[in-house]
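**Q** Handing you this structure, nothing more for now.
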Amino acid sequence: MGRFVSLVLVLSLAAAAPAAPQSPSSTHTYYVAADEITWDYAPTGMDQIRGIPMDSARPELRQPGRFRTAVKKAVYREYTDASFRTLKLRPPEWEHLGLLGPVLRGEVGDTIRVVFRNNASHPYSMHPHGVFYTKDSEGTPYRDGTEGADKADDAVPPGGTHTYVWAIPERAGPGPHDGSSVMWMYHSHVEEGKDVEAGLMGPIIVTARGQARPDGRPTDVDREFVVAFESIPEGMSQYTKDNIAAQLPWANPDSVADDGNWVNNVNFFDSMNGYIWGNLPGLTMQRGERVRWYVMAATNEADFHTPHWHGNTVLVHGMRMDITQLEPMMMEVADMVPDDPGIWLFHCHVRIHFDNGMAARYVVLPRGDEPTRRALIAAAAPLEAKASPAPALPAGWIARPDRADVRRDQLRFFAMGDGFHVSRGQAAIYYDLTSTARGSYRVHASFTQTRPSSHPEAYGLFVGGHDLDNARESYLYFLIRQDGRFLIKQRTGGALQTLADWAPSAAIHADSAGAATNELEVQVGNDDLRFLVNGQQVASMPRDARYVTDGVAGYRINHNLDVHVGRLEVEPVGVRAAASR
Ligand SMILES: [Cu+2]
């Protein structure tokens, strides 16, 4: 590093999980609505298991009477408060829940309180398994000798609201042969079958007393996944008639019976969390982590499943397995400590289900083997990146698109592995206000472009950012692109000043296939600014007052790119420089 002396201070900007503080015997309040949505079982349009377009992969999807993969459904969605105006964005680690409702959780001794709003067109409810409920919080209409307020929970009418209160006594928590946590499901139970097939199902995770971290994860678990194996007959949902009317205009919705009809028979979607053929995103973990899988099955006579993990084994009730079993509405917990890095199949082993797309992939990243990590992340990226809906930004991160009319959901920047992934989207800068640097410092990060962009688009670092939330925004940026060229510019308000126009450099790893990794670094020294790619200096300029370098550092990624970025590291250098400012 020449005269630069690295201090031990390294700002590692990991994606911290949002923390929900848990005090002794707390009540956890959730605002959950039943919302009608269009759900796509294959949002990437691909059979991701074989890597071919869904149309050519699955000709049976075009047979008469078959719905497209996007159909009307109802799902449980979490809102920020009782106004039910703002959806609570799912953190990246729960993006894989897909069709499932939010994770409701607590420790033994706590209470879960759910304010439920029915935004749908049918009466729905929330019926929990396992936890303690009184008759006004059971969510099921039947002749149980109750009346009045004790019936308000049974079937919440469209537009109605009901608050369910579920206590978590010892008998709702882990038993003698369980680990530190167990999962229960919740689902709508007005017309139980049709409601569940419509999509209304979700998980409750109960952790033993005193064994949950602030974010709810058990203290002896590093990563949790919830996967529901659901053979969903779209011919037996609350929305069958709507989907026939929308998709099969030649059929008469009213003449189609609910059971055993042709629409039912051809429209089974054998899904995992509502995804078929490997479209389930986000099952990524590190070698050696303590991973807890919670699996469950849906409600109908086809819901007999045998979840099978390739590549690694699990412990179920203390017994070693690589496959477990589920009967309708059953729940199991499987603990894995993956020792075998790779992209692995995770599927139902019941042949008719596997043949019909009940398959996903999970990724085990090695520790320390950087080339293999990057290769795995790149191979898994096209799937992760096109997951639907758009994942939330990692905690603490801010995106500023160049254009004011770009919506948040047009940007995809999310935690992946130990860095971040940016895909498609619009040109933007991404930053975390904690990565502010002053004086003399170096900023660096690795960038892996995972596939070519149709026209060379640029990505890289920015430094000296200030006023990033208003029209006076200013920052200095250093970008590269897939044709092996680099650029240095400064943005001040609306004005752009070119400091070094696009020029080729042999230091840049350029690959005609568009998949290359480059380490970019900006060094702000006492007297000059230096710009390095893969450790080689490609440009330098005197440090003077025209270039503002004190401020926020971050990433700049232009549009139509798919780039994995490593952690941004900001290191102060040179004690003399720091002291002089
Ligand atoms: Cu199955």
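Just so we're on the same page: first chain in the structure tokens is A, next is B, and so on; residues restart at 1 for each chain, and ligands are numbered from 1 in the order they show up.
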Write out as a list of chain:residue names each polymer residue (protein, DNA or RNA) that has an atom no more than 6 Å from ligand 1, with only C-alpha atoms and all ligand atoms counted.
**A**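 My answer, listing the contacting residues, is A:Phe304, A:His305, A:Thr306, A:Cys348, A:Val350, A:His353.
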**Q** Restricting it to C-alpha atoms, dump the selection as an mmCIF file, in the first residue's frame.
**A**
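Wrote again-v9.cif, looks like this:
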```cif
data_model
loop_
_atom_site.group_PDB
_atom_site.id
_atom_site.type_symbol
_atom_site.label_atom_id
_atom_site.label_comp_id
_atom_site.auth_asym_id
_atom_site.auth_seq_id
_atom_site.Cartn_x
_atom_site.Cartn_y
_atom_site.Cartn_z
ATOM 1 C CA PHE A 304 -48.695 -36.241 1.226
ATOM 2 C CA HIS A 305 -45.124 -35.116 0.762
ATOM 3 C CA THR A 306 -41.611 -36.337 1.339
ATOM 4 C CA CYS A 348 -40.804 -33.618 -2.795
ATOM 5 C CA VAL A 350 -43.559 -38.233 -4.325
ATOM 6 C CA HIS A 353 -45.434 -34.083 -7.299
#
```
**Q** Do you know which residues are at most 12 Å from A:Ser237 counting only C-alpha atoms, after dropping those on the same chain fewer than 2 positions away, and could you put them as a ChimeraX atom specification?
**A** /A:71-74,122,191-200,231-235,239-244,257-259,263-264,267-269,299-300
**Q** Using only C-alpha atoms, which residues sit within 10 Å of stretch 494-510 of chain A once same-chain residues fewer than 2 positions away are excluded, as a ChimeraX atom specification?
**A** /A:449,471-492,512-520,532-541,547
**Q** Counting only C-alpha atoms, which residue out of A:Asp270, A:Asp110, A:Asp527, A:Glu289 sits closest to A:Gly210?
**A** A:Asp110
**Q** So which bits of stretch 71-192 of chain A end up strand (DSSP E or B) when you DSSP the backbone, as a PyMOL selection string?
**A** chain A and resi 71-79+87+104-107+111-118+124+127-128+132+156+161-167+181-187
**Q** What's the 7 Å shell around A:Ala155, counting only C-alpha atoms, without same-chain residues fewer than 3 positions away, as number ranges by chain?
**A** A: 123-125, 139-141, 152, 190
**Q** Take the residues just selected and output them with C-alpha atoms as a PDB file, in the first residue's frame.
**A**
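Produced file again_22.pdb, reproduced below:
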```pdb
ATOM      1  CA  PRO A 123     -65.274 -14.094   4.549  1.00  0.00           C
ATOM      2  CA  TYR A 124     -61.953 -15.267   5.995  1.00  0.00           C
ATOM      3  CA  SER A 125     -60.427 -15.940   9.410  1.00  0.00           C
ATOM      4  CA  GLY A 139     -61.257 -18.540  13.757  1.00  0.00           C
ATOM      5  CA  THR A 140     -63.605 -21.386  12.860  1.00  0.00           C
ATOM      6  CA  PRO A 141     -67.402 -21.430  12.517  1.00  0.00           C
ATOM      7  CA  ALA A 152     -66.898 -12.604  15.847  1.00  0.00           C
ATOM      8  CA  VAL A 190     -64.184 -20.461   7.158  1.00  0.00           C
TER       9      VAL A 190
END
```
